[in-house]
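This report refers to the structure that appears directly beneath it.
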Amino acid sequence: HMPFDLKFIDREHPIMAGLPEQLYFLDEPYWPMIGDRAKIHVLANALNVDGEDRPMMWTFERGRGRVFA
């Protein structure tokens with residue numbers, strides 16, 4: 001567990017409506033993300049312990065299927 005801040009990338013996405021300007025967490029950020037980052041739409045990042053941005057909120061669409069994580 002560690003403290004981290006979300007850095008919003010796409011504030012215009014409908015999922016982001018109503019969220020405050022900043023969000024702070026004390027949680028277990030799961031890094032590294034496995035998979036092709038080019039196939040997702042990143043909504044928010046957070047810095048990992050190595051100082052690298054990692055996707056923390058993202059969407060993925062395939063056909064009629066939609067995912068939010």
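Residues are referred to by chain and number: the chain letter is A, B, ... according to the order shown in the structure tokens, the number counts from 1 in that chain, and ligands are numbered separately from 1 in the order shown.
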message = Need to verify the contact set: Ile40 in chain A, 6 Å, only C-alpha atoms, exclusion of same-chain residues closer than 3 positions in sequence. Can you return it as a ChimeraX atom specification?
response = /A:37,59-60
Export all heavy atoms of the chosen residues as an mmCIF file, in the first residue's frame?
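Listed below is the output, result.cif:
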data_model
loop_
_atom_site.group_PDB
_atom_site.id
_atom_site.type_symbol
_atom_site.label_atom_id
_atom_site.label_comp_id
_atom_site.auth_asym_id
_atom_site.auth_seq_id
_atom_site.Cartn_x
_atom_site.Cartn_y
_atom_site.Cartn_z
ATOM 1 N N ARG A 37 -0.942 -0.877 -24.413
ATOM 2 C CA ARG A 37 -1.534 0.393 -23.989
ATOM 3 C C ARG A 37 -2.121 1.169 -25.155
ATOM 4 O O ARG A 37 -2.980 2.026 -24.962
ATOM 5 C CB ARG A 37 -0.499 1.245 -23.271
ATOM 6 C CG ARG A 37 -0.187 0.729 -21.889
ATOM 7 C CD ARG A 37 0.901 1.508 -21.209
ATOM 8 N NE ARG A 37 0.556 2.894 -21.001
ATOM 9 C CZ ARG A 37 1.226 3.702 -20.212
ATOM 10 N NH1 ARG A 37 2.277 3.267 -19.561
ATOM 11 N NH2 ARG A 37 0.870 4.960 -20.080
ATOM 12 N N THR A 59 -10.572 2.983 -20.496
ATOM 13 C CA THR A 59 -11.693 2.314 -21.165
ATOM 14 C C THR A 59 -11.153 1.522 -22.347
ATOM 15 O O THR A 59 -10.061 1.788 -22.858
ATOM 16 C CB THR A 59 -12.752 3.308 -21.673
ATOM 17 O OG1 THR A 59 -12.162 4.173 -22.634
ATOM 18 C CG2 THR A 59 -13.337 4.125 -20.527
ATOM 19 N N PHE A 60 -11.937 0.546 -22.758
ATOM 20 C CA PHE A 60 -11.612 -0.279 -23.924
ATOM 21 C C PHE A 60 -12.922 -0.633 -24.595
ATOM 22 O O PHE A 60 -13.888 -0.997 -23.920
ATOM 23 C CB PHE A 60 -10.883 -1.550 -23.485
ATOM 24 C CG PHE A 60 -10.663 -2.535 -24.595
ATOM 25 C CD1 PHE A 60 -9.676 -2.324 -25.545
ATOM 26 C CD2 PHE A 60 -11.442 -3.676 -24.694
ATOM 27 C CE1 PHE A 60 -9.469 -3.235 -26.574
ATOM 28 C CE2 PHE A 60 -11.246 -4.597 -25.711
ATOM 29 C CZ PHE A 60 -10.256 -4.374 -26.655
#
query = With only C-alpha atoms as the atoms that count, which of A:Gly35, A:Gly63, A:Gly18, A:Pro29 lies nearest to Leu6 in chain A?
reply = A:Pro29
note = Across A:Phe8, A:Phe68, A:Trp58, A:Phe25, the smallest distance to His41 in chain A, with only C-alpha atoms counted, is shown by A:Trp58
message = What does the structure give for the distance between CA of Glu21 in chain A and CA of Ile9 in chain A, in Å to one decimal?
response = 11.5 Å
ask   = Which residues come within 9 Å of Leu47 in chain A, counting only C-alpha atoms, excluding same-chain residues fewer than 3 positions away, as a VMD selection string?
value = chain A and resid 4 to 7 50 to 55
inquiry  = If we count only C-alpha atoms and set the cut-off at 12 Å, which residues sit around Glu12 in chain A, ignoring sequence neighbours fewer than 4 positions away in its own chain? Please answer as a list in words.
reply    =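 The neighbour list is Phe8, Met16, Ala17, Gly18, Leu19, Val42, Leu43 and Ala44 of chain A.
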inquiry  = Report, in Å to a single decimal, how far apart CA of Glu28 in chain A and CA of Met2 in chain A are.
reply    = 6.4 Å
request  = List every residue of chain A that DSSP, applied to the backbone of this structure, assigns to strand (DSSP E), and report them as a ChimeraX atom specification.
outcome  = /A:2-8,23-27,41-47,53-62,65-68
request  = Write out as number ranges by chain all residues of chain A that backbone DSSP assigns to helix (DSSP H, G or I).
outcome  = A: 14-16, 37-39
How about saving the chosen residues, N, CA and C atoms kept, as a tab-separated table (two decimals), in the first residue's frame?
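Writing the result to result.tsv gives the following:
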chain	number	residue	atom	x	y	z
A	14	PRO	N	-17.31	11.17	-20.62
A	14	PRO	CA	-18.51	11.15	-19.77
A	14	PRO	C	-18.32	10.45	-18.42
A	15	ILE	N	-17.46	9.45	-18.34
A	15	ILE	CA	-17.22	8.75	-17.08
A	15	ILE	C	-16.63	9.70	-16.03
A	16	MET	N	-15.92	10.71	-16.48
A	16	MET	CA	-15.24	11.62	-15.57
A	16	MET	C	-16.15	12.71	-15.01
A	37	ARG	N	-0.94	-0.88	-24.41
A	37	ARG	CA	-1.53	0.39	-23.99
A	37	ARG	C	-2.12	1.17	-25.16
A	38	ALA	N	-1.72	0.87	-26.37
A	38	ALA	CA	-2.25	1.57	-27.55
A	38	ALA	C	-3.70	1.18	-27.82
A	39	LYS	N	-4.18	0.09	-27.21
A	39	LYS	CA	-5.54	-0.38	-27.44
A	39	LYS	C	-6.55	0.15	-26.42
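Put simply, CA of Asp10 in chain A is 21.3 Å away from CA of Ile34 in chain A.
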